[in-house]
Structure formats: structure tokens, C-alpha cells
file entry-v2.csv (CSV, C-alpha atoms)
chain,number,residue,atom,x,y,z
Y,1,MET,CA,-20.0,-23.3,-15.2
Y,2,ASN,CA,-23.5,-22.7,-16.4
Y,3,LYS,CA,-25.6,-19.6,-16.6
Y,4,ARG,CA,-27.0,-20.0,-13.1
Y,5,HIS,CA,-23.5,-20.0,-11.6
Y,6,VAL,CA,-22.5,-16.9,-13.5
Y,7,PHE,CA,-25.7,-15.1,-12.4
Y,8,ILE,CA,-25.1,-16.0,-8.7
Y,9,LEU,CA,-21.5,-14.9,-8.9
Y,10,VAL,CA,-22.4,-11.6,-10.5
Y,11,LEU,CA,-25.1,-11.1,-7.8
Y,12,ILE,CA,-22.5,-11.8,-5.0
Y,13,VAL,CA,-20.1,-9.3,-6.5
Y,14,LEU,CA,-22.8,-6.6,-6.9
Y,15,VAL,CA,-24.2,-7.0,-3.4
Y,16,GLY,CA,-20.8,-7.2,-1.8
Y,17,GLY,CA,-19.4,-4.3,-3.7
Y,18,TYR,CA,-22.4,-2.1,-3.0
Y,19,SER,CA,-22.4,-2.8,0.8
Y,20,MET,CA,-18.7,-2.0,1.0
Y,21,TYR,CA,-19.2,1.2,-0.9
Y,22,GLU,CA,-22.0,2.3,1.4
Y,23,PHE,CA,-20.0,1.3,4.4
Y,24,SER,CA,-16.9,3.1,3.4
Y,25,ALA,CA,-18.3,6.5,4.2
Y,26,SER,CA,-17.9,5.8,7.9
Y,27,LEU,CA,-14.3,4.7,7.8
Y,28,ASN,CA,-12.4,8.0,8.1
Y,29,PRO,CA,-11.5,9.2,11.6
Y,30,TYR,CA,-9.6,12.3,10.4
Y,31,ILE,CA,-11.3,15.7,9.9
Y,32,THR,CA,-10.1,18.7,8.1
Y,33,ILE,CA,-8.8,22.0,9.5
Y,34,ARG,CA,-11.9,23.9,8.3
Y,35,LYS,CA,-14.1,21.5,10.3
Y,36,VAL,CA,-12.1,21.5,13.5
Y,37,LYS,CA,-12.5,25.3,13.9
Y,38,VAL,CA,-16.2,24.8,14.5
Y,39,SER,CA,-16.0,21.7,16.6
Y,40,HIS,CA,-16.0,21.6,20.4
Y,41,SER,CA,-15.1,18.0,21.2
Y,42,THR,CA,-11.9,16.0,21.1
Y,43,VAL,CA,-11.1,15.3,17.4
Y,44,GLN,CA,-8.4,14.0,15.2
Y,45,VAL,CA,-7.1,16.5,12.6
Y,46,LYS,CA,-4.8,15.9,9.7
Y,47,GLY,CA,-2.7,18.5,8.0
Y,48,HIS,CA,0.6,19.1,6.3
Y,49,LEU,CA,3.3,20.2,8.7
Y,50,VAL,CA,4.6,23.7,7.9
Y,51,LYS,CA,8.3,23.3,8.0
Y,52,ASP,CA,9.9,26.7,8.1
Y,53,GLU,CA,12.3,27.0,11.1
Y,54,ALA,CA,10.5,29.8,12.9
Y,55,SER,CA,7.1,28.0,13.1
Y,56,ILE,CA,8.2,24.9,15.0
Y,57,MET,CA,9.4,26.1,18.4
Y,58,TYR,CA,9.1,25.8,22.2
Y,59,ASP,CA,7.9,28.8,24.2
Y,60,ALA,CA,9.0,29.8,27.7
Y,61,GLN,CA,6.6,27.3,29.3
Y,62,HIS,CA,8.1,24.4,27.3
Y,63,MET,CA,5.0,24.1,25.1
Y,64,LEU,CA,5.7,23.0,21.6
Y,65,HIS,CA,4.1,25.1,18.9
Y,66,PHE,CA,3.7,24.4,15.2
Y,67,ASN,CA,1.4,25.0,12.3
Y,68,LEU,CA,-0.6,22.7,10.2
Y,69,MET,CA,-1.9,23.5,6.7
Y,70,ASP,CA,-4.5,21.9,4.6
Y,71,GLU,CA,-4.8,21.8,0.8
Y,72,THR,CA,-6.5,25.1,0.6
Y,73,GLY,CA,-3.8,26.9,2.6
Y,74,GLU,CA,-5.9,27.2,5.8
Y,75,LEU,CA,-3.6,27.3,8.8
Y,76,LEU,CA,-4.1,25.7,12.3
Y,77,ALA,CA,-1.9,26.7,15.2
Y,78,VAL,CA,-1.2,23.8,17.4
Y,79,SER,CA,0.3,23.7,20.9
Y,80,TYR,CA,1.5,20.5,22.6
Y,81,ALA,CA,2.7,20.1,26.1
Y,82,GLY,CA,5.4,17.5,25.7
Y,83,GLU,CA,8.6,16.4,24.1
Y,84,LYS,CA,8.9,16.9,20.3
Y,85,PRO,CA,8.6,13.4,18.7
Y,86,ARG,CA,11.8,12.0,17.3
Y,87,ASP,CA,12.3,13.0,13.6
Y,88,PHE,CA,9.4,15.4,13.8
Y,89,GLU,CA,10.7,17.7,11.0
Y,90,ARG,CA,10.8,14.7,8.6
Y,91,ALA,CA,7.0,14.2,8.8
Y,92,THR,CA,5.1,15.2,5.7
Y,93,ASP,CA,1.6,14.9,7.3
Y,94,VAL,CA,0.7,15.1,11.0
Y,95,VAL,CA,-2.4,14.0,12.8
Y,96,VAL,CA,-3.1,15.8,16.1
Y,97,ILE,CA,-5.6,14.6,18.6
Y,98,GLY,CA,-7.1,17.1,21.0
Y,99,LYS,CA,-9.4,20.1,21.3
Y,100,TYR,CA,-9.8,23.5,19.6
Y,101,GLU,CA,-10.0,26.4,22.1
Y,102,ASN,CA,-9.3,30.1,21.8
Y,103,GLN,CA,-7.9,30.1,18.3
Y,104,GLN,CA,-5.5,27.3,19.3
Y,105,PHE,CA,-5.5,23.6,18.9
Y,106,HIS,CA,-4.4,21.9,22.1
Y,107,ALA,CA,-3.0,18.5,21.2
Y,108,ASP,CA,-2.9,15.6,23.6
Y,109,LYS,CA,-1.2,13.4,21.1
Y,110,ILE,CA,0.8,13.8,17.9
Y,111,LEU,CA,1.0,11.1,15.2
Y,112,MET,CA,3.3,11.4,12.2
Y,113,LYS,CA,3.2,10.2,8.7
Y,114,CYS,CA,6.8,9.9,7.5
Y,115,PRO,CA,7.7,9.4,3.9
Y,116,SER,CA,8.7,5.7,3.5
Y,117,LYS,CA,10.8,5.7,0.5
Y,118,TYR,CA,12.6,2.4,1.4
Y,119,GLN,CA,15.9,3.8,0.2
Y,120,LYS,CA,19.3,3.2,1.6
Y,121,GLU,CA,20.4,5.6,4.3
Y,122,GLY,CA,22.2,8.7,2.9
Y,123,THR,CA,21.1,8.3,-0.7
Y,124,LEU,CA,18.3,10.8,-0.6
V,1,MET,CA,12.6,-33.5,1.8
V,2,ILE,CA,10.3,-30.7,1.0
V,3,ASN,CA,10.1,-29.7,4.7
V,4,LEU,CA,13.9,-29.7,5.0
V,5,SER,CA,14.4,-27.6,1.9
V,6,LEU,CA,11.7,-25.2,3.1
V,7,THR,CA,13.3,-24.9,6.5
V,8,VAL,CA,16.7,-24.1,4.9
V,9,PHE,CA,15.0,-21.6,2.5
V,10,THR,CA,13.3,-19.9,5.5
V,11,ALA,CA,16.5,-19.8,7.5
V,12,ALA,CA,18.4,-18.3,4.5
V,13,THR,CA,15.6,-15.8,4.0
V,14,ILE,CA,15.8,-14.6,7.6
V,15,TRP,CA,19.5,-14.4,7.3
V,16,GLY,CA,19.2,-12.4,4.1
V,17,VAL,CA,16.9,-9.9,5.8
V,18,PHE,CA,19.3,-9.3,8.6
V,19,TYR,CA,22.5,-9.4,6.5
V,20,PHE,CA,21.7,-7.8,3.2
V,21,VAL,CA,19.0,-5.2,3.9
V,22,PRO,CA,20.7,-1.8,4.4
V,23,PRO,CA,19.3,0.5,7.1
V,24,ALA,CA,16.7,2.7,5.3
V,25,GLU,CA,16.5,6.4,5.2
V,26,GLY,CA,14.6,7.6,8.2
V,27,LEU,CA,13.6,4.1,9.3
V,28,GLY,CA,17.0,2.6,10.0
V,29,GLY,CA,16.9,-1.0,11.0
V,30,LEU,CA,13.2,-0.8,11.6
V,31,VAL,CA,12.7,-1.3,7.9
V,32,ARG,CA,13.2,-5.0,8.5
V,33,ILE,CA,9.7,-5.3,9.9
V,34,ALA,CA,8.4,-4.6,6.4
V,35,PHE,CA,10.0,-7.8,5.1
V,36,PHE,CA,7.6,-9.7,7.3
V,37,HIS,CA,4.7,-7.3,7.3
V,38,ILE,CA,4.3,-6.9,3.5
V,39,PRO,CA,4.6,-10.6,2.5
V,40,VAL,CA,2.2,-11.9,5.2
V,41,ALA,CA,-0.4,-9.2,4.2
V,42,TRP,CA,-0.1,-10.2,0.5
V,43,VAL,CA,-0.3,-13.9,1.3
V,44,SER,CA,-3.4,-13.5,3.5
V,45,VAL,CA,-5.1,-11.9,0.5
V,46,LEU,CA,-4.0,-14.9,-1.7
V,47,ALA,CA,-5.3,-17.3,1.0
V,48,PHE,CA,-8.8,-15.6,1.1
V,49,PHE,CA,-9.1,-15.8,-2.7
V,50,LEU,CA,-8.0,-19.4,-2.7
V,51,SER,CA,-10.5,-20.2,0.0
V,52,ALA,CA,-13.2,-18.7,-2.3
V,53,TRP,CA,-11.9,-20.6,-5.3
V,54,TRP,CA,-12.1,-24.0,-3.5
V,55,ALA,CA,-15.5,-23.0,-2.1
V,56,PHE,CA,-16.6,-22.4,-5.6
V,57,ARG,CA,-15.2,-25.8,-6.7
V,58,TYR,CA,-17.0,-27.4,-3.7
V,59,LEU,CA,-20.3,-25.9,-4.9
V,60,GLN,CA,-19.7,-27.3,-8.3
V,61,THR,CA,-18.7,-30.8,-7.3
V,62,SER,CA,-19.8,-31.3,-3.6
V,63,ARG,CA,-16.5,-33.0,-2.8
V,64,LEU,CA,-15.8,-32.6,0.9
V,65,SER,CA,-12.1,-32.5,0.4
V,66,TYR,CA,-12.5,-29.2,-1.5
V,67,ASP,CA,-14.4,-27.8,1.5
V,68,SER,CA,-11.5,-28.9,3.7
V,69,ILE,CA,-9.0,-27.0,1.6
V,70,SER,CA,-11.3,-24.0,1.4
V,71,SER,CA,-11.6,-23.8,5.2
V,72,ARG,CA,-7.9,-24.4,5.8
V,73,SER,CA,-7.1,-21.6,3.4
V,74,ALA,CA,-9.4,-19.3,5.2
V,75,ALA,CA,-7.8,-20.3,8.5
V,76,MET,CA,-4.3,-19.6,7.2
V,77,GLY,CA,-5.5,-16.3,5.7
V,78,PHE,CA,-6.8,-15.4,9.1
V,79,VAL,CA,-3.5,-16.2,10.8
V,80,PHE,CA,-1.5,-14.3,8.3
V,81,CYS,CA,-3.9,-11.4,8.5
V,82,LEU,CA,-3.4,-11.4,12.3
V,83,CYS,CA,0.4,-11.5,11.8
V,84,ALA,CA,0.1,-8.5,9.5
V,85,THR,CA,-2.1,-6.6,12.0
V,86,ILE,CA,0.3,-7.2,14.9
V,87,SER,CA,3.5,-6.5,13.0
V,88,GLY,CA,1.7,-3.4,11.6
V,89,ALA,CA,0.8,-2.2,15.0
V,90,VAL,CA,4.4,-2.5,16.2
V,91,PHE,CA,5.5,-0.7,13.1
V,92,ALA,CA,3.0,2.0,13.7
V,93,LYS,CA,4.1,2.5,17.3
V,94,LEU,CA,7.7,3.0,16.0
V,95,THR,CA,6.9,5.3,13.1
V,96,TRP,CA,3.6,7.1,13.7
V,97,GLY,CA,3.8,7.0,17.5
V,98,ALA,CA,0.8,4.8,18.5
V,99,TYR,CA,0.0,1.1,18.3
V,100,TRP,CA,-3.6,1.6,17.4
V,101,ASN,CA,-5.3,4.7,16.1
V,102,TRP,CA,-8.4,3.4,14.2
V,103,ASP,CA,-6.7,4.6,11.0
V,104,PRO,CA,-8.6,3.6,7.8
V,105,ARG,CA,-6.0,0.9,7.3
V,106,GLN,CA,-6.5,-0.5,10.7
V,107,ILE,CA,-10.3,-0.3,10.6
V,108,THR,CA,-10.4,-2.2,7.3
V,109,ILE,CA,-8.1,-5.0,8.5
V,110,PHE,CA,-10.0,-5.2,11.7
V,111,ILE,CA,-13.2,-5.7,9.7
V,112,LEU,CA,-11.5,-8.4,7.6
V,113,LEU,CA,-10.5,-10.2,10.8
V,114,PHE,CA,-14.1,-10.1,11.9
V,115,ILE,CA,-15.4,-11.3,8.6
V,116,TYR,CA,-13.2,-14.4,8.7
V,117,GLY,CA,-13.7,-14.9,12.4
V,118,ALA,CA,-17.4,-15.1,11.8
V,119,TYR,CA,-16.6,-17.7,9.1
V,120,PHE,CA,-15.3,-20.1,11.8
V,121,ALA,CA,-18.1,-19.3,14.1
V,122,LEU,CA,-20.5,-20.3,11.3
V,123,ARG,CA,-18.6,-23.5,10.7
V,124,SER,CA,-18.5,-24.6,14.3
V,125,SER,CA,-22.2,-23.9,14.7
V,126,ILE,CA,-23.3,-26.5,12.1
V,127,VAL,CA,-23.0,-30.2,12.7
V,128,ASP,CA,-24.1,-31.7,9.4
V,129,ARG,CA,-20.9,-32.0,7.3
V,130,ALA,CA,-22.6,-31.3,3.9
V,131,VAL,CA,-24.7,-28.4,5.2
V,132,LYS,CA,-21.6,-26.9,6.9
V,133,ALA,CA,-19.6,-27.2,3.7
V,134,LYS,CA,-22.3,-25.6,1.6
V,135,LEU,CA,-23.1,-22.7,3.8
V,136,SER,CA,-19.5,-21.9,4.5
V,137,ALA,CA,-18.7,-22.1,0.8
V,138,ILE,CA,-21.3,-19.5,0.1
V,139,TYR,CA,-20.1,-17.3,3.0
V,140,SER,CA,-16.5,-17.6,1.7
V,141,LEU,CA,-17.6,-16.4,-1.7
V,142,PHE,CA,-19.4,-13.4,-0.3
V,143,SER,CA,-16.5,-12.5,2.0
V,144,CYS,CA,-13.8,-12.6,-0.7
V,145,VAL,CA,-15.8,-9.9,-2.6
V,146,ALA,CA,-15.1,-7.6,0.4
V,147,VAL,CA,-11.4,-8.3,0.4
V,148,PRO,CA,-10.3,-6.1,-2.5
V,149,PHE,CA,-12.4,-3.2,-1.2
V,150,LEU,CA,-11.0,-3.5,2.3
V,151,VAL,CA,-7.4,-4.1,1.3
V,152,PHE,CA,-7.0,-2.2,-2.0
V,153,VAL,CA,-9.7,0.3,-2.5
V,154,ILE,CA,-10.7,2.0,0.8
V,155,PRO,CA,-7.2,2.6,2.3
V,156,ARG,CA,-6.1,4.2,-1.0
V,157,TYR,CA,-9.1,6.4,-1.1
V,158,TYR,CA,-8.8,8.0,2.4
V,159,PHE,CA,-5.9,9.8,4.0
V,160,SER,CA,-4.0,7.3,6.1
V,161,LEU,CA,-0.9,7.3,8.2
V,162,HIS,CA,0.0,4.1,6.5
V,163,PRO,CA,2.8,4.7,3.9
V,164,GLU,CA,2.0,4.4,0.2
V,165,PRO,CA,1.7,0.8,-0.6
V,166,LEU,CA,4.4,-0.6,-2.8
V,167,LEU,CA,2.0,-1.0,-5.7
V,168,ASN,CA,0.9,2.6,-5.5
V,169,LYS,CA,-1.2,5.1,-7.5
V,170,ASN,CA,1.8,6.3,-9.5
V,171,GLY,CA,2.6,2.7,-10.5
V,172,SER,CA,6.2,3.2,-9.5
V,173,ILE,CA,8.0,0.9,-7.1
V,174,GLN,CA,10.0,3.1,-4.8
V,175,MET,CA,12.4,0.8,-3.2
V,176,ASP,CA,16.1,0.3,-3.2
V,177,SER,CA,17.0,-2.6,-5.5
V,178,VAL,CA,18.6,-4.8,-2.9
V,179,MET,CA,15.6,-4.3,-0.6
V,180,LEU,CA,13.2,-5.1,-3.5
V,181,LEU,CA,15.1,-8.3,-4.3
V,182,VAL,CA,15.1,-9.5,-0.6
V,183,LEU,CA,11.4,-8.6,-0.4
V,184,LEU,CA,10.6,-10.7,-3.4
V,185,ILE,CA,12.5,-13.6,-1.8
V,186,CYS,CA,10.6,-13.2,1.4
V,187,LEU,CA,7.3,-13.1,-0.5
V,188,CYS,CA,8.3,-16.3,-2.3
V,189,ASN,CA,9.3,-17.9,1.0
V,190,ILE,CA,6.1,-17.1,2.8
V,191,THR,CA,4.0,-18.2,-0.2
V,192,CYS,CA,5.9,-21.5,-0.2
V,193,ILE,CA,5.2,-22.0,3.5
V,194,PHE,CA,1.5,-21.2,2.8
V,195,PHE,CA,1.2,-23.7,0.0
V,196,ARG,CA,3.1,-26.4,2.0
V,197,VAL,CA,0.7,-26.1,4.9
V,198,LEU,CA,-2.4,-25.7,2.7
V,199,TYR,CA,-1.8,-28.8,0.5
V,200,ARG,CA,-0.2,-31.0,3.1
V,201,ARG,CA,-2.9,-33.6,2.9
V,202,LYS,CA,-4.9,-32.8,-0.2
V,203,ASN,CA,-7.5,-35.6,-0.2
V,204,VAL,CA,-8.1,-35.8,3.5
V,205,ILE,CA,-11.4,-34.5,4.8
V,206,ASP,CA,-10.9,-32.4,8.0
V,207,GLU,CA,-13.5,-32.4,10.6
call {"tool": "encode", "arguments": {"input": "entry-v2.csv", "output": "C-alpha cells"}}
result
Amino acid sequence: MNKRHVFILVLIVLVGGYSMYEFSASLNPYITIRKVKVSHSTVQVKGHLVKDEASIMYDAQHMLHFNLMDETGELLAVSYAGEKPRDFERATDVVVIGKYENQQFHADKILMKCPSKYQKEGTL
Amino acid sequence: MINLSLTVFTAATIWGVFYFVPPAEGLGGLVRIAFFHIPVAWVSVLAFFLSAWWAFRYLQTSRLSYDSISSRSAAMGFVFCLCATISGAVFAKLTWGAYWNWDPRQITIFILLFIYGAYFALRSSIVDRAVKAKLSAIYSLFSCVAVPFLVFVIPRYYFSLHPEPLLNKNGSIQMDSVMLLVLLICLCNITCIFFRVLYRRKNVIDE
């Protein structure tokens, strides 16, 4: 391996690394709760699921209601017309897809991030 | 002989996954997908790096058999990557609730598939064997630089629905010891299969 080879390899690494770095800014589809409150289109929002019993409930019209919270403590009230996903309470983070209208987020879809601890059932 | 022992090893591994792996907390029997998903993902990274290594050796020596190994390694990396994507999508449907959500993990693996898809488009567009070998070697070197960013850096930087990878930020492996043992055996098995196919005819020049 002579100096020219080393130079070419270093150049490849620098160019490749830089382009990936620049590109990485456009890779995140999830927006924060703060941003969703000023948006008017269909968005994907991520947040921690607030787990106290009272906040996850169905109303008389069979709408599911729950709250999401971000790192700063900002809350988002979500309503969802549909069945509660299986093991919903176990989710740590939740992504909801839908629109923010009248102080409420109307979710068309709920995705869950569950803690994958890869532990035997019943040991946690 | 090698093929026979590899077949027995593979059968034993599959049996081990179904017989020894306990149902996991929250995941139940679904955890078994991980014993395919994680090893194929790891081996596809290995394949892309090996492709770049043999590409580099080709540029040094201009031996066409090195180019053959390089392209075969890229092809296998692509297939393993596709397996990881598909098993990941099934896993995602069962845990997150959707096959495909353009999650950062999914975007990056999609880009990776495109990068190596383009590699084969490049190869098939050049007739002259030496030119083909040289250009694809350079392309392979460039693409392998993107691999660590796409696989290791970007998905750890953003919020993703994908669970924490085994080799995570905290440096702790959070896995039941039986599962970890079986996972390592699976990894070993898939790696053996990969090398068996990769070096099946070392000095033959593929067209």
C-alpha cells in the first residue's frame, strides 16, 4: 500500500462520510409535540405514553383517549376511533399518525415502541 | 463433507431456536424472528465490508478472481440485507403495528438496498471485463463507507420504533443467557453459510 492508495482511501472516507452526514438531516419522519400544535397537515408524532389509569380510557362514543408527553413535559391529548392495540399499556413510546384539530390530536393510526428486553417470560 | 456438516449444523440451529428459546417477556414466541433477523443483518454488513476488501485487493493486483469474489460478496450482502428487511417488516407488523412506516431504520436499510442494487446495474452495463472490475471495485469502496453510517450511526441518533440494538449505547447486552447463546450459534451458522457460498470456487472468474 503506497501513499497514493492511502490518500485515495482517506478521500473516499471523507467524501462518503460528509455526504451521509448532510443527508442524515432528512431521515426523521417523527415530529415533536411542540411542533404538531402549530401544524395543519397529517403528521407523525412521537411521545411517551402517560400511563396512569385514568388517562387511558374509552368515552361513551367508543373513542379511545390517551395522553402523550415529550421530554419537556408538554402534553398532547390524543383520540382514536378504534380498538386499543394489544399490550398498549406496555408501550414506552408511541407514534400517532393523524391531524391536530381543536386542541385534540385525531389519530388514524397508532404505532407502539415496546421495550424489547429479550428476557424470559415472567422474570421481569 | 463440508456441505453435509453445514446442513446438519443448520438443521440443529433451527431446532435449537424452536426448542431452547423460551418465550420472551411481551414478545412471546415472536422473539424467534430475532434469531433470523439479527444474524442476517450482521452478516450482510460483513458481506459489504468483504466486498470492499476484495475490491481493494483487485485494485492492487488486477486479478479478476478477486473481482469475482468482491461482486459475489456484494450479491450475498444484498440478499441477506433483503432478508433482514423482510423479516424486520414482519416483526414490525407484529410489534409496532405496521409493516412499513418509513422509520429511520427502514429508510436507511432501504437506501442500503438501493446503493447495492445500483452496484449490479453498474456491473451489467459494462461489457469489458477489466473496466467492469475496476469501476465496480471503486464503487464498492465508496459504498462500504456509507454502510457504518446507515447501519450504526443514523438509526442510533434518531428516535426509532426499532428496539435498542443488542450492542447499544449503554454497552450492556440485555438478553437472557440461553437466548444469547442460541443467538451466537445462529450468528455462527449464518456466517458459515455465507463463507461457504462466498468461497465455493475461489479461483474461478465469474462472468
call {"tool": "interface_residues", "arguments": {"input": "entry-v2.csv", "of": "chain Y", "to": "chain V", "cutoff": "7 Å", "atoms": "all atoms listed in the file", "output": "NGL selection string"}}
result
:Y and (12-13 or 16-17 or 20 or 24 or 27-29 or 111-113 or 115-122)
call {"tool": "residues_around", "arguments": {"input": "entry-v2.csv", "residues": "Ala81 of chain Y", "least_positions_apart": "5", "cutoff": "8 Å", "atoms": "only C-alpha atoms", "output": "list in words"}}
result
His62, Met63, Leu64, Ala107 and Asp108 of chain Y
call {"tool": "residues_around", "arguments": {"input": "entry-v2.csv", "residues": "segment 30-35 of chain Y", "least_positions_apart": "2", "cutoff": "8 Å", "atoms": "only C-alpha atoms", "output": "PyMOL selection string"}}
result
(chain Y and resi 28+37-39+43-47+69-70+74-76+95) or (chain V and resi 159)
call {"tool": "residues_around", "arguments": {"input": "entry-v2.csv", "residues": "Ala11 of chain V", "least_positions_apart": "6", "cutoff": "12 Å", "atoms": "all atoms listed in the file", "output": "NGL selection string"}}
result
:V and (4-5 or 17-18 or 185-186 or 189-190)
call {"tool": "closest_residue", "arguments": {"input": "entry-v2.csv", "among": "V:Cys81, V:Val197, V:Ala133, V:Ile111", "to": "Pro39 of chain V", "atoms": "all atoms listed in the file"}}
result
V:Cys81
call {"tool": "atom_distance", "arguments": {"input": "entry-v2.csv", "atom1": "atom CA of Ser73 of chain V", "atom2": "atom CA of Phe194 of chain V"}}
result
8.6 Å
call {"tool": "closest_atom_pairs", "arguments": {"input": "entry-v2.csv", "of": "segment 75-152 of chain V", "to": "segment 65-68 of chain V", "cutoff": "9 Å", "atoms": "all atoms listed in the file", "output": "Markdown table"}}
result
| residue | atom | partner | partner_atom | distance |
| --- | --- | --- | --- | --- |
| V:Ala133 | CA | V:Asp67 | CA | 5.7 |
| V:Lys134 | CA | V:Asp67 | CA | 8.2 |
| V:Ser136 | CA | V:Asp67 | CA | 8.4 |
| V:Ala137 | CA | V:Asp67 | CA | 7.2 |
call {"tool": "atom_distance", "arguments": {"input": "entry-v2.csv", "atom1": "atom CA of Ile8 of chain Y", "atom2": "atom CA of Val45 of chain V"}}
result
22.4 Å
call {"tool": "residues_around", "arguments": {"input": "entry-v2.csv", "residues": "Tyr58 of chain Y", "least_positions_apart": "6", "cutoff": "12 Å", "atoms": "all atoms listed in the file", "output": "ChimeraX atom specification"}}
result
/Y:64-66,78-84
call {"tool": "atom_distance", "arguments": {"input": "entry-v2.csv", "atom1": "atom CA of Ile110 of chain Y", "atom2": "atom CA of Val94 of chain Y"}}
result
7.0 Å
call {"tool": "residues_around", "arguments": {"input": "entry-v2.csv", "residues": "Ile38 of chain V", "least_positions_apart": "5", "cutoff": "9 Å", "atoms": "all atoms listed in the file", "output": "list in words"}}
result
Ile33, Val43, Ala84, Leu166, Leu183 and Leu187 of chain V
call {"tool": "closest_residue", "arguments": {"input": "entry-v2.csv", "among": "V:Phe91, V:Ala75, V:Ala12, V:Trp53", "to": "Gly29 of chain V", "atoms": "all atoms listed in the file"}}
result
V:Phe91
call {"tool": "closest_residue", "arguments": {"input": "entry-v2.csv", "among": "Y:Ala77, Y:Ser19, Y:Asn2, Y:Leu9", "to": "Lys99 of chain Y", "atoms": "only C-alpha atoms"}}
result
Y:Ala77
call {"tool": "decode", "arguments": {"input": "entry-v2.csv", "residues": "segment 43-51 of chain V", "atoms": "all heavy atoms", "output": "compact mmCIF listing (two decimals), in the first residue's frame"}}
result
# COMPACT_ATOMS: atom_id res chain seq x y z
N VAL V 43 -24.51 -10.28 9.19
CA VAL V 43 -23.72 -10.88 8.12
C VAL V 43 -23.78 -10.03 6.85
O VAL V 43 -22.80 -9.97 6.11
CB VAL V 43 -24.16 -12.33 7.88
CG1 VAL V 43 -23.50 -12.92 6.65
CG2 VAL V 43 -23.81 -13.18 9.09
N SER V 44 -24.89 -9.34 6.61
CA SER V 44 -24.92 -8.50 5.41
C SER V 44 -23.89 -7.37 5.53
O SER V 44 -23.24 -7.02 4.55
CB SER V 44 -26.32 -7.95 5.15
OG SER V 44 -26.63 -6.92 6.04
N VAL V 45 -23.72 -6.84 6.74
CA VAL V 45 -22.67 -5.82 6.93
C VAL V 45 -21.30 -6.41 6.66
O VAL V 45 -20.47 -5.84 5.95
CB VAL V 45 -22.75 -5.24 8.36
CG1 VAL V 45 -21.56 -4.34 8.63
CG2 VAL V 45 -24.04 -4.46 8.55
N LEU V 46 -21.08 -7.61 7.20
CA LEU V 46 -19.81 -8.31 6.96
C LEU V 46 -19.57 -8.48 5.46
O LEU V 46 -18.47 -8.26 4.95
CB LEU V 46 -19.85 -9.67 7.66
CG LEU V 46 -18.67 -10.60 7.41
CD1 LEU V 46 -17.44 -10.08 8.11
CD2 LEU V 46 -18.98 -12.02 7.89
N ALA V 47 -20.63 -8.88 4.74
CA ALA V 47 -20.51 -9.12 3.30
C ALA V 47 -20.14 -7.85 2.55
O ALA V 47 -19.29 -7.87 1.66
CB ALA V 47 -21.83 -9.68 2.76
N PHE V 48 -20.76 -6.72 2.94
CA PHE V 48 -20.44 -5.47 2.26
C PHE V 48 -18.99 -5.06 2.51
O PHE V 48 -18.31 -4.57 1.61
CB PHE V 48 -21.40 -4.36 2.70
CG PHE V 48 -22.82 -4.59 2.25
CD1 PHE V 48 -23.90 -4.24 3.06
CD2 PHE V 48 -23.09 -5.16 1.01
CE1 PHE V 48 -25.21 -4.46 2.64
CE2 PHE V 48 -24.38 -5.38 0.58
CZ PHE V 48 -25.45 -5.03 1.40
N PHE V 49 -18.53 -5.27 3.74
CA PHE V 49 -17.13 -4.94 4.03
C PHE V 49 -16.17 -5.86 3.29
O PHE V 49 -15.15 -5.42 2.76
CB PHE V 49 -16.86 -4.98 5.53
CG PHE V 49 -17.28 -3.72 6.23
CD1 PHE V 49 -18.27 -3.74 7.20
CD2 PHE V 49 -16.70 -2.50 5.89
CE1 PHE V 49 -18.68 -2.57 7.82
CE2 PHE V 49 -17.11 -1.34 6.50
CZ PHE V 49 -18.09 -1.37 7.47
N LEU V 50 -16.50 -7.15 3.22
CA LEU V 50 -15.64 -8.08 2.49
C LEU V 50 -15.60 -7.74 1.01
O LEU V 50 -14.55 -7.86 0.38
CB LEU V 50 -16.13 -9.51 2.67
CG LEU V 50 -15.47 -10.30 3.79
CD1 LEU V 50 -16.00 -11.72 3.77
CD2 LEU V 50 -13.95 -10.32 3.62
N SER V 51 -16.76 -7.32 0.49
CA SER V 51 -16.80 -6.91 -0.91
C SER V 51 -15.82 -5.77 -1.15
O SER V 51 -15.06 -5.77 -2.12
CB SER V 51 -18.22 -6.48 -1.28
OG SER V 51 -18.21 -5.85 -2.53
